[in-house]
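Enquirer: Coordinates in input.txt, compact mmCIF, C-alpha atoms, are listed below.
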```
# COMPACT_ATOMS: atom_id res chain seq x y z
CA MET A 132 19.11 17.96 -7.56
CA PHE A 133 16.78 17.17 -4.69
CA LYS A 134 18.31 15.10 -1.91
CA ASP A 135 15.31 14.11 0.14
CA GLN A 136 15.74 11.63 2.97
CA SER A 137 12.76 12.94 4.92
CA ARG A 138 10.84 10.51 7.12
CA ILE A 139 7.56 10.21 8.97
CA TRP A 140 7.21 8.02 12.06
CA HIS A 141 3.57 7.22 12.75
CA SER A 142 1.83 5.07 15.36
CA ASP A 143 -1.81 4.67 16.32
CA TRP A 144 -3.88 2.56 18.69
CA ASN A 145 -7.54 1.74 19.20
CA TYR A 146 -9.40 -0.04 21.98
CA ASN A 147 -13.02 -1.23 21.87
CA LEU A 148 -14.75 -1.26 25.26
CA ARG A 149 -17.30 -3.93 24.30
CA ASP A 150 -16.00 -6.28 27.03
CA HIS A 151 -16.61 -3.61 29.67
CA ILE A 152 -19.61 -1.61 28.39
CA SER A 153 -22.63 -3.32 26.85
CA PHE A 154 -25.24 -0.60 26.24
CA ALA A 155 -23.30 0.90 23.30
CA ASP A 156 -20.25 0.39 21.13
CA ILE A 157 -17.60 2.73 22.54
CA GLN A 158 -14.05 3.05 21.27
CA VAL A 159 -11.08 5.12 22.32
CA GLY A 160 -7.84 5.65 20.47
CA GLY A 161 -5.01 7.92 19.57
CA SER A 162 -2.05 8.53 17.32
CA TYR A 163 1.43 10.03 17.45
CA ARG A 164 3.47 11.27 14.50
CA THR A 165 6.99 12.65 14.12
CA TYR A 166 8.18 14.48 11.01
CA VAL A 167 11.89 14.50 10.20
CA LEU A 168 12.70 16.80 7.25
CA ASP A 169 16.06 15.99 5.72
CA SER A 170 16.72 17.44 2.26
CA GLN A 171 20.17 18.89 3.00
CA GLY A 172 18.84 22.31 2.05
CA THR A 173 17.69 21.29 -1.45
CA ILE A 174 13.97 21.58 -0.65
CA PHE A 175 13.54 22.66 2.94
CA THR A 176 15.58 25.10 4.99
CA ASP A 177 17.42 22.25 6.67
CA PHE A 178 20.89 23.49 5.67
CA ASP A 179 22.29 22.91 9.16
CA GLY A 180 20.58 19.60 9.92
CA PRO A 181 17.17 17.88 9.86
CA ILE A 182 14.07 19.75 11.03
CA ARG A 183 11.89 17.75 13.43
CA TYR A 184 8.45 18.33 14.91
CA ASP A 185 5.71 16.18 16.47
CA GLU A 186 1.93 15.97 16.66
CA TYR A 187 -0.52 13.71 18.47
CA GLY A 188 -4.24 13.01 18.59
CA LEU A 189 -6.80 11.40 20.94
CA TYR A 190 -10.38 10.40 20.16
CA THR A 191 -13.45 8.55 21.39
CA GLN A 192 -16.43 7.24 19.41
CA PHE A 193 -19.93 6.27 20.55
CA GLN A 194 -22.24 4.11 18.41
CA LYS A 195 -25.71 2.77 19.26
CA LYS A 196 -28.79 1.48 17.45
CA PHE A 197 -32.38 2.49 18.26
CA MET A 198 -35.91 1.83 16.99
CA GLU A 199 -35.50 -1.92 16.50
CA ASP A 200 -32.08 -1.36 14.99
CA ARG A 201 -33.45 0.89 12.24
CA LEU A 202 -31.67 4.02 13.45
CA LYS A 203 -27.93 4.01 14.04
CA LEU A 204 -26.29 6.96 15.80
CA THR A 205 -22.55 7.53 15.63
CA ALA A 206 -20.91 10.39 17.52
CA SER A 207 -17.24 11.09 18.05
CA ILE A 208 -14.84 13.76 19.17
CA ARG A 209 -11.13 14.05 18.50
CA TYR A 210 -8.41 16.30 19.86
CA ASP A 211 -5.24 16.93 17.85
CA LYS A 212 -2.17 18.94 18.83
CA SER A 213 0.85 19.89 16.76
CA GLU A 214 3.78 21.45 18.57
CA LEU A 215 3.61 24.28 16.01
CA PHE A 216 -0.09 25.16 16.49
CA ASP A 217 -2.86 25.29 19.07
CA GLY A 218 -4.87 22.12 19.70
CA GLN A 219 -7.99 21.36 17.65
CA PHE A 220 -11.26 19.67 18.71
CA SER A 221 -13.23 17.90 15.95
CA PRO A 222 -16.75 16.73 16.96
CA ARG A 223 -18.77 14.65 14.48
CA VAL A 224 -22.23 13.07 14.43
CA SER A 225 -24.06 10.93 11.89
CA PHE A 226 -27.41 9.15 11.56
CA VAL A 227 -28.40 6.22 9.36
CA TYR A 228 -32.07 5.22 9.15
CA SER A 229 -33.08 1.97 7.43
CA ALA A 230 -36.67 2.12 6.17
CA GLY A 231 -38.80 -0.48 4.47
CA GLU A 232 -39.89 -3.96 5.47
CA ARG A 233 -36.45 -5.37 4.64
CA LYS A 234 -34.60 -2.26 5.87
CA ASN A 235 -33.24 -1.75 2.35
CA HIS A 236 -33.92 2.00 2.03
CA ASN A 237 -31.02 3.61 3.87
CA PHE A 238 -31.07 7.34 4.55
CA ARG A 239 -28.01 8.99 6.06
CA ALA A 240 -27.15 12.43 7.36
CA SER A 241 -24.01 13.72 8.98
CA PHE A 242 -22.41 16.84 10.36
CA GLN A 243 -18.68 16.96 10.83
CA THR A 244 -16.08 19.48 11.81
CA GLY A 245 -12.48 19.11 10.84
CA PHE A 246 -9.22 20.86 10.26
CA ARG A 247 -6.16 20.59 8.06
CA ASN A 248 -2.71 21.38 9.36
CA PRO A 249 -0.24 23.07 7.02
CA THR A 250 2.00 20.59 5.21
CA THR A 251 5.76 20.30 5.67
CA GLN A 252 6.15 22.35 2.48
CA ASP A 253 3.74 25.04 3.71
CA LEU A 254 5.91 25.40 6.80
CA PHE A 255 9.55 24.79 5.94
CA ILE A 256 10.15 24.97 2.20
CA GLY A 257 12.89 27.30 1.00
CA LEU A 258 13.25 26.80 -2.73
CA ASN A 259 14.54 29.06 -5.50
CA VAL A 260 12.63 28.12 -8.69
CA GLY A 261 14.16 30.89 -10.81
CA PRO A 262 11.52 33.57 -11.46
CA ARG A 263 10.40 33.34 -7.85
CA ALA A 264 11.20 31.66 -4.55
CA LEU A 265 8.96 29.52 -2.34
CA VAL A 266 9.21 30.35 1.36
CA GLY A 267 7.46 28.33 4.07
CA SER A 268 5.42 30.06 6.72
CA ALA A 269 6.68 28.60 10.00
CA ALA A 270 7.84 31.45 12.23
CA SER A 271 11.30 29.89 12.57
CA ASN A 272 11.56 29.48 8.79
CA LEU A 273 11.50 33.18 7.94
CA THR A 274 15.08 33.82 8.99
CA ARG A 275 16.32 30.41 7.86
CA TYR A 276 15.73 31.25 4.19
CA SER A 277 17.82 34.05 2.67
CA GLU A 278 19.38 34.94 -0.67
CA THR A 279 21.82 37.58 -1.87
CA ILE A 280 20.85 39.28 -5.16
CA ASN A 281 22.60 41.78 -7.43
CA VAL A 282 21.14 45.26 -7.85
CA SER A 283 21.00 46.87 -11.32
CA ASN A 284 23.57 49.51 -12.31
CA ALA A 285 20.83 52.15 -12.30
CA GLY A 286 19.93 51.25 -8.75
CA VAL A 287 23.58 51.38 -7.63
CA SER A 288 24.06 54.78 -9.27
CA GLU A 289 21.39 56.17 -6.94
CA GLY A 290 23.45 55.19 -3.91
CA ASN A 291 21.98 51.75 -3.27
CA PRO A 292 24.33 48.84 -2.45
CA SER A 293 25.38 46.56 -5.32
CA THR A 294 23.80 43.53 -3.60
CA VAL A 295 20.91 43.00 -1.22
CA THR A 296 20.17 40.10 1.10
CA LEU A 297 16.49 39.16 1.44
CA ASN A 298 14.90 36.55 3.66
CA GLY A 299 11.46 35.33 4.68
CA VAL A 300 10.95 38.38 6.88
CA ASN A 301 11.13 40.58 3.77
CA ALA A 302 8.90 38.19 1.82
CA TYR A 303 6.15 38.16 4.44
CA GLY A 304 6.64 41.85 5.27
CA LEU A 305 5.85 44.98 3.27
CA SER A 306 5.50 44.18 -0.44
CA TYR A 307 3.33 44.53 -3.54
CA THR A 308 0.85 41.99 -4.85
CA SER A 309 2.16 40.25 -7.96
CA GLU A 310 -1.03 41.00 -9.90
CA SER A 311 -0.76 44.74 -9.25
CA VAL A 312 2.92 44.79 -10.29
CA GLN A 313 2.08 43.09 -13.60
CA LYS A 314 -0.65 45.66 -14.21
CA PHE A 315 1.64 48.58 -13.29
CA LEU A 316 4.35 47.39 -15.68
CA GLN A 317 1.78 47.57 -18.48
CA THR A 318 0.11 50.87 -17.55
CA GLN A 319 2.91 52.70 -15.65
CA ASN A 320 0.12 54.02 -13.44
CA THR A 321 1.32 53.98 -9.83
CA ASN A 322 -2.28 53.84 -8.63
CA ASP A 323 -2.39 50.27 -9.93
CA LEU A 324 0.18 49.17 -7.35
CA GLU A 325 -1.39 47.44 -4.36
CA THR A 326 0.58 47.18 -1.15
CA VAL A 327 0.54 44.19 1.19
CA GLN A 328 1.23 45.42 4.70
CA GLN A 329 1.89 41.98 6.18
CA THR A 330 1.17 38.46 4.89
CA PRO A 331 -0.17 36.44 7.85
CA LEU A 332 1.67 33.24 8.68
CA VAL A 333 -0.23 30.10 7.78
CA LYS A 334 -2.43 28.40 10.39
CA PRO A 335 -4.73 25.35 10.34
CA GLU A 336 -7.74 25.41 8.04
CA GLN A 337 -11.22 24.78 9.51
CA VAL A 338 -14.21 23.09 7.86
CA LYS A 339 -17.84 22.35 8.70
CA ALA A 340 -19.26 19.59 6.50
CA PHE A 341 -22.89 18.60 5.92
CA GLU A 342 -23.90 15.48 3.98
CA LEU A 343 -27.15 13.78 3.00
CA GLY A 344 -27.35 10.43 1.26
CA TYR A 345 -29.62 7.61 0.17
CA LYS A 346 -28.76 4.02 -0.75
CA SER A 347 -31.05 1.21 -1.82
CA ARG A 348 -31.83 -1.51 -4.35
CA ILE A 349 -34.81 -0.75 -6.60
CA ASN A 350 -35.92 -2.97 -9.47
CA GLY A 351 -32.51 -4.62 -9.60
CA PHE A 352 -30.59 -1.33 -9.47
CA ASP A 353 -28.20 -0.58 -6.62
CA ILE A 354 -28.55 3.17 -6.16
CA ASP A 355 -26.38 5.53 -4.14
CA ILE A 356 -27.11 9.28 -4.10
CA ASN A 357 -25.28 11.84 -1.98
CA GLY A 358 -24.92 15.56 -1.63
CA TYR A 359 -22.58 17.66 0.47
CA PHE A 360 -21.95 21.26 1.47
CA ASN A 361 -18.70 22.40 3.12
CA ILE A 362 -17.90 25.73 4.75
CA TYR A 363 -14.21 26.58 5.07
CA ASN A 364 -12.70 29.22 7.34
CA ASP A 365 -9.01 30.16 7.23
CA PHE A 366 -8.76 28.23 3.95
CA MET A 367 -5.08 27.66 3.26
CA SER A 368 -3.93 29.46 0.14
CA GLY A 369 -0.91 30.89 -1.58
CA ALA A 370 0.05 34.52 -1.93
CA ARG A 371 2.38 35.80 -4.65
CA VAL A 372 4.12 39.05 -3.70
CA VAL A 373 6.91 41.24 -5.06
CA VAL A 374 9.57 42.79 -2.83
CA PRO A 375 11.53 45.84 -4.11
CA PHE A 376 15.29 45.73 -3.48
CA TYR A 377 15.27 49.24 -2.06
CA GLY A 378 12.81 51.89 -0.97
CA LEU A 379 9.56 51.22 0.86
CA ALA A 380 6.63 49.50 -0.85
CA GLY A 381 3.83 51.98 -1.49
CA ASN A 382 2.40 54.15 -4.28
CA ASP A 383 2.59 57.63 -2.76
CA ILE A 384 4.57 59.64 -5.33
CA THR A 385 5.16 62.38 -2.76
CA ASN A 386 7.06 59.94 -0.53
CA GLN A 387 10.70 59.47 -1.56
CA ALA A 388 10.88 55.96 -0.06
CA ASN A 389 7.84 54.96 -2.11
CA ILE A 390 9.35 56.55 -5.23
CA ASN A 391 12.53 54.52 -4.73
CA ALA A 392 10.50 51.33 -4.43
CA ILE A 393 8.52 52.17 -7.57
CA ASN A 394 11.78 52.79 -9.45
CA ALA A 395 13.07 49.43 -8.22
CA ILE A 396 9.96 47.70 -9.57
CA SER A 397 10.30 49.46 -12.94
CA ARG A 398 14.01 48.55 -13.31
CA GLY A 399 13.54 44.91 -12.43
CA ASP A 400 15.20 45.36 -9.03
CA ARG A 401 12.57 43.16 -7.44
CA ARG A 402 12.05 39.60 -6.21
CA THR A 403 8.87 37.54 -6.46
CA TYR A 404 7.92 35.16 -3.66
CA ASP A 405 5.25 32.51 -3.30
CA LEU A 406 4.05 32.49 0.29
CA TYR A 407 1.79 30.25 2.37
CA THR A 408 -1.09 31.85 4.22
CA ASN A 409 -4.87 31.75 4.79
CA THR A 410 -7.55 33.65 2.99
CA THR A 411 -9.95 35.86 4.93
CA ALA A 412 -12.76 34.86 2.54
CA VAL A 413 -15.23 32.15 3.51
CA ILE A 414 -15.04 29.32 0.97
CA ASN A 415 -18.02 27.12 0.16
CA SER A 416 -17.66 23.84 -1.72
CA TYR A 417 -20.53 21.60 -2.67
CA GLY A 418 -21.44 18.75 -4.92
CA VAL A 419 -23.62 15.75 -5.66
CA GLY A 420 -22.89 12.18 -6.65
CA LEU A 421 -24.95 9.42 -8.23
CA GLY A 422 -23.95 5.78 -8.56
CA LEU A 423 -25.85 2.94 -10.28
CA VAL A 424 -25.03 -0.78 -10.47
CA LYS A 425 -27.19 -3.46 -12.12
CA LYS A 426 -26.83 -7.12 -12.91
CA VAL A 427 -27.93 -7.86 -16.47
CA TYR A 428 -27.73 -10.87 -18.78
CA LYS A 429 -26.21 -13.82 -16.90
CA ASP A 430 -23.28 -12.55 -14.79
CA PHE A 431 -22.74 -9.21 -16.53
CA GLU A 432 -22.67 -6.22 -14.23
CA LEU A 433 -23.12 -2.67 -15.51
CA SER A 434 -22.06 0.31 -13.41
CA ALA A 435 -22.13 4.06 -13.90
CA SER A 436 -21.47 7.10 -11.72
CA TYR A 437 -21.51 10.87 -12.04
CA ASN A 438 -20.08 13.52 -9.72
CA TRP A 439 -20.49 17.28 -9.83
CA ALA A 440 -18.25 19.48 -7.67
CA SER A 441 -17.96 23.25 -7.41
CA PHE A 442 -17.02 26.05 -5.01
CA ASP A 443 -17.52 29.78 -4.52
CA TYR A 444 -16.31 32.69 -2.44
CA ASP A 445 -16.61 36.47 -2.32
CA GLU A 446 -13.78 37.69 -4.56
CA THR A 447 -14.09 41.24 -3.21
CA VAL A 448 -12.98 40.05 0.25
CA ASP A 449 -9.66 38.67 -1.03
CA PRO A 450 -9.02 39.58 -4.70
CA ALA A 451 -5.56 37.96 -4.66
CA PHE A 452 -6.83 34.61 -3.38
CA ARG A 453 -5.62 31.67 -5.51
CA PRO A 454 -8.07 28.84 -4.76
CA MET A 455 -6.06 25.79 -5.96
CA PHE A 456 -9.35 23.84 -6.14
CA ASN A 457 -7.77 21.65 -8.84
CA THR A 458 -10.88 19.53 -9.29
CA PRO A 459 -12.95 18.98 -12.45
CA GLU A 460 -16.52 20.19 -12.17
CA HIS A 461 -17.86 17.08 -13.92
CA ARG A 462 -16.64 13.47 -13.63
CA ALA A 463 -18.24 10.32 -14.96
CA LYS A 464 -17.40 6.61 -14.93
CA PHE A 465 -18.92 3.54 -16.50
CA GLY A 466 -18.04 -0.12 -16.48
CA ILE A 467 -19.06 -3.55 -17.66
CA ASN A 468 -17.70 -6.53 -15.77
CA ASN A 469 -18.18 -10.27 -15.73
CA ASP A 470 -16.12 -12.43 -13.41
CA ASN A 471 -17.45 -15.59 -15.04
CA LEU A 472 -17.80 -14.90 -18.77
CA PHE A 473 -17.07 -18.53 -19.43
CA LYS A 474 -15.35 -21.26 -17.45
CA ASN A 475 -12.53 -19.78 -15.34
CA PHE A 476 -12.41 -16.58 -17.45
CA GLY A 477 -13.44 -13.07 -16.41
CA PHE A 478 -13.07 -9.58 -17.84
CA GLY A 479 -13.86 -5.95 -17.18
CA ILE A 480 -13.89 -2.68 -19.13
CA ASN A 481 -14.08 0.68 -17.38
CA GLY A 482 -14.12 4.22 -18.74
CA ARG A 483 -13.34 7.48 -16.92
CA TRP A 484 -14.07 11.03 -18.13
CA TRP A 485 -13.60 14.45 -16.62
CA SER A 486 -14.25 17.97 -17.85
CA GLU A 487 -11.64 20.66 -18.45
CA TYR A 488 -10.49 22.51 -15.35
CA GLU A 489 -7.88 24.99 -14.14
CA TRP A 490 -4.86 23.79 -12.17
CA THR A 491 -3.28 26.30 -9.79
CA SER A 492 -0.24 25.69 -7.59
CA THR A 493 2.88 27.42 -6.31
CA PHE A 494 4.91 25.48 -8.89
CA ALA A 495 2.88 26.02 -12.07
CA ASP A 496 -0.56 27.04 -13.35
CA GLY A 497 -2.43 25.83 -16.41
CA THR A 498 -5.44 24.11 -17.91
CA ILE A 499 -6.07 20.38 -17.61
CA PRO A 500 -8.01 19.43 -20.77
CA SER A 501 -11.10 17.27 -20.82
CA THR A 502 -9.96 13.63 -20.91
CA PHE A 503 -11.40 10.17 -21.49
CA VAL A 504 -9.47 7.12 -20.24
CA LEU A 505 -10.29 3.48 -20.97
CA ASP A 506 -9.08 0.68 -18.69
CA ALA A 507 -9.53 -3.08 -19.03
CA GLN A 508 -8.62 -6.32 -17.31
CA MET A 509 -8.82 -10.05 -18.01
CA SER A 510 -8.46 -12.90 -15.52
CA TYR A 511 -8.07 -16.63 -15.88
CA ALA A 512 -8.42 -19.02 -12.97
CA ILE A 513 -6.39 -22.23 -12.72
CA PRO A 514 -8.19 -24.29 -10.05
CA SER A 515 -5.64 -27.10 -10.12
CA ILE A 516 -3.02 -24.82 -8.55
CA LYS A 517 -5.52 -22.51 -6.79
CA SER A 518 -4.29 -19.52 -8.78
CA VAL A 519 -5.58 -16.62 -10.86
CA ILE A 520 -3.65 -14.94 -13.67
CA LYS A 521 -4.69 -11.35 -14.34
CA LEU A 522 -3.72 -8.96 -17.17
CA THR A 523 -4.62 -5.28 -16.73
CA GLY A 524 -4.17 -2.23 -18.89
CA SER A 525 -4.88 1.45 -18.23
CA ASN A 526 -5.38 4.26 -20.76
CA ILE A 527 -5.69 1.73 -23.55
CA GLY A 528 -5.46 3.13 -27.07
CA SER A 529 -5.33 6.76 -25.98
CA ASN A 530 -2.76 9.54 -25.93
CA ASP A 531 -0.79 10.39 -22.80
CA TYR A 532 -2.82 12.71 -20.58
CA LEU A 533 -2.23 15.38 -17.94
CA GLN A 534 -3.29 15.16 -14.31
CA VAL A 535 -0.94 17.75 -12.80
CA ILE A 536 0.55 20.86 -14.40
CA GLY A 537 4.33 20.66 -14.06
CA ALA A 538 4.46 16.87 -13.78
CA GLY A 539 4.88 14.22 -16.45
CA ARG A 540 2.04 12.98 -18.59
CA VAL A 541 0.41 9.65 -17.79
CA GLY A 542 0.82 7.01 -20.47
CA GLN A 543 -0.25 3.40 -20.74
CA ILE A 544 0.41 0.90 -17.97
CA TYR A 545 0.12 -2.86 -18.42
CA THR A 546 0.58 -5.41 -15.67
CA LEU A 547 0.58 -9.21 -15.61
CA GLY A 548 0.23 -10.90 -12.25
CA ILE A 549 -0.54 -14.21 -10.66
CA THR A 550 -2.29 -14.72 -7.32
CA ILE A 551 -1.73 -18.04 -5.58
CA ASN A 552 -4.07 -19.16 -2.79
CA PRO A 553 -2.37 -22.11 -1.07
```
Would you mind writing the structure in this file as structure tokens?

Expert:
Amino acid sequence: MFKDQSRIWHSDWNYNLRDHISFADIQVGGSYRTYVLDSQGTIFTDFDGPIRYDEYGLYTQFQKKFMEDRLKLTASIRYDKSELFDGQFSPRVSFVYSAGERKNHNFRASFQTGFRNPTTQDLFIGLNVGPRALVGSAASNLTRYSETINVSNAGVSEGNPSTVTLNGVNAYGLSYTSESVQKFLQTQNTNDLETVQQTPLVKPEQVKAFELGYKSRINGFDIDINGYFNIYNDFMSGARVVVPFYGLAGNDITNQANINAINAISRGDRRTYDLYTNTTAVINSYGVGLGLVKKVYKDFELSASYNWASFDYDETVDPAFRPMFNTPEHRAKFGINNDNLFKNFGFGINGRWWSEYEWTSTFADGTIPSTFVLDAQMSYAIPSIKSVIKLTGSNIGSNDYLQVIGAGRVGQIYTLGITINP
């Protein structure tokens, strides 16, 4: 079983310079975080004691209004440093312009840069999940993970040892792509085997994000529209590779070392690894969102929203890339709420729907079906004791549904609570 006593120690601070600088709102701040991985070797490669590493960040933000307070400019820059990677600068700028006599037509635009550091799992996992093993990509992790595996009788008869010991160096070194091995096992055509010379160790992912938005109230409707476009470089991804127990990965049938490796693949003398790396392809993600809220009869409030999200990349640049986008292309929500249906009583009904989408991860792959979920809540106020009793229910009247392949299904959840305001 997993024995995970891992911890994160996090601190942050912020200081507003309003008492010292009057022409603009200027803030400075920072954060410091320490990771302590302690799974006793059941998840991470911490067999000989906890793994610890630190990271910190510093930032400043400038905000000022212009044009009779109609235009608000916000600009910031942040520097983050993990002891495992080079430091990262993240500048950002945004504009909000309020048009109209009552300044109720709000247009916004922003440009941001950002990064994502590899997770603790990306770096230090060392987990045998049966058909394959997951090996983190920190440089120090490659030799920390190793396993000794039996060689087939046919392999031993050719003079190979009866057991082999493989570690992360083998996994990230010369190997075959998993997709090409599966194809070769079907066709027995050695030309189908594709060699991976070296899987690069994972590094931080970079993003440039553009957003446009509009928010206003028109004819009683609260409207919020937004669109975004993101450009990712060094997008973090997984690589699934196959290491032969003997020989040298390759498909040259005139090379004896390659022939030995091909024989190892054919006999099952092979080990599959899931690795953590970055794709060389440029990934674009983009989407739009629309939200509407309107007060109707008495205190009833109707709300609805729709979001569309998608991504693309050049598959010819990195055919083995596994995107792990794990996001439905279409999502919609609706709701009807009334906090004062009658004296002291309120209620709300909300529905959520998403379209079918593919789930990809190092643990399991599969299809998440299209799902509709209905939630509801009722509240009753008791003024004499300054309290509110609330009953909520999620996924009412529906079957259990999937959100993650490899995890449990989500059923119905009901809660009864009381809030007391002394």

Enquirer: Using only C-alpha atoms, find the one residue out of A:Gly358, A:Gly351, A:Gly304, A:Gly537 that sits nearest to A:Ala380.

Expert: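 Selected residue with least distance to A:Ala380: A:Gly304.
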
Enquirer: Would you list the contacts of A:Arg263 as a PyMOL selection string, taking every protein, DNA or RNA residue within 7 Å and counting all atoms listed in the file, but skipping same-chain residues closer than 3 positions in sequence?

Expert: chain A and resi 259-260+402-405

Enquirer: What gap, in Å, lies between atom CA of A:Asn468 and atom CA of A:Leu433?

Expert: 6.7 Å

Enquirer: For atom CA of A:Leu547 and atom CA of A:Ser525, quote the distance in Å rounded to one decimal.

Expert: 12.3 Å

Enquirer: Do you know which residues are at most 7 Å from stretch 179-187 of chain A counting all atoms listed in the file, after dropping those on the same chain fewer than 3 positions away, and could you put them as an MDAnalysis selection string?

Expert: chainID A and resid 162:169 171 211:214

Enquirer: Nearest residue to A:Val372 out of A:Ala206, A:Ile152, A:Ala512, A:Ala451, using only C-alpha atoms?

Expert: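 Smallest separation from A:Val372 among the options: A:Ala451.
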
Enquirer: Taking all atoms listed in the file into account, name the residue in A:Tyr210, A:Tyr276, A:Tyr146, A:Phe193 that is nearest to A:Thr173.

Expert: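 Among the listed residues, A:Tyr276 lies closest to A:Thr173.
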
Enquirer: Please determine the residues with any atom at most 8 Å from (18.4, 16.9, -0.7) (coordinates as given in the file, with all atoms listed in the file counting) and report them as a ChimeraX atom specification.

Expert: /A:132-136,169-174

Enquirer: Around (-8.9, 18.1, 18.7), as given in the file, which residues come within 9 Å? Count only C-alpha atoms and list them as a ChimeraX atom specification.

Expert: /A:188-190,208-212,218-222,245-246
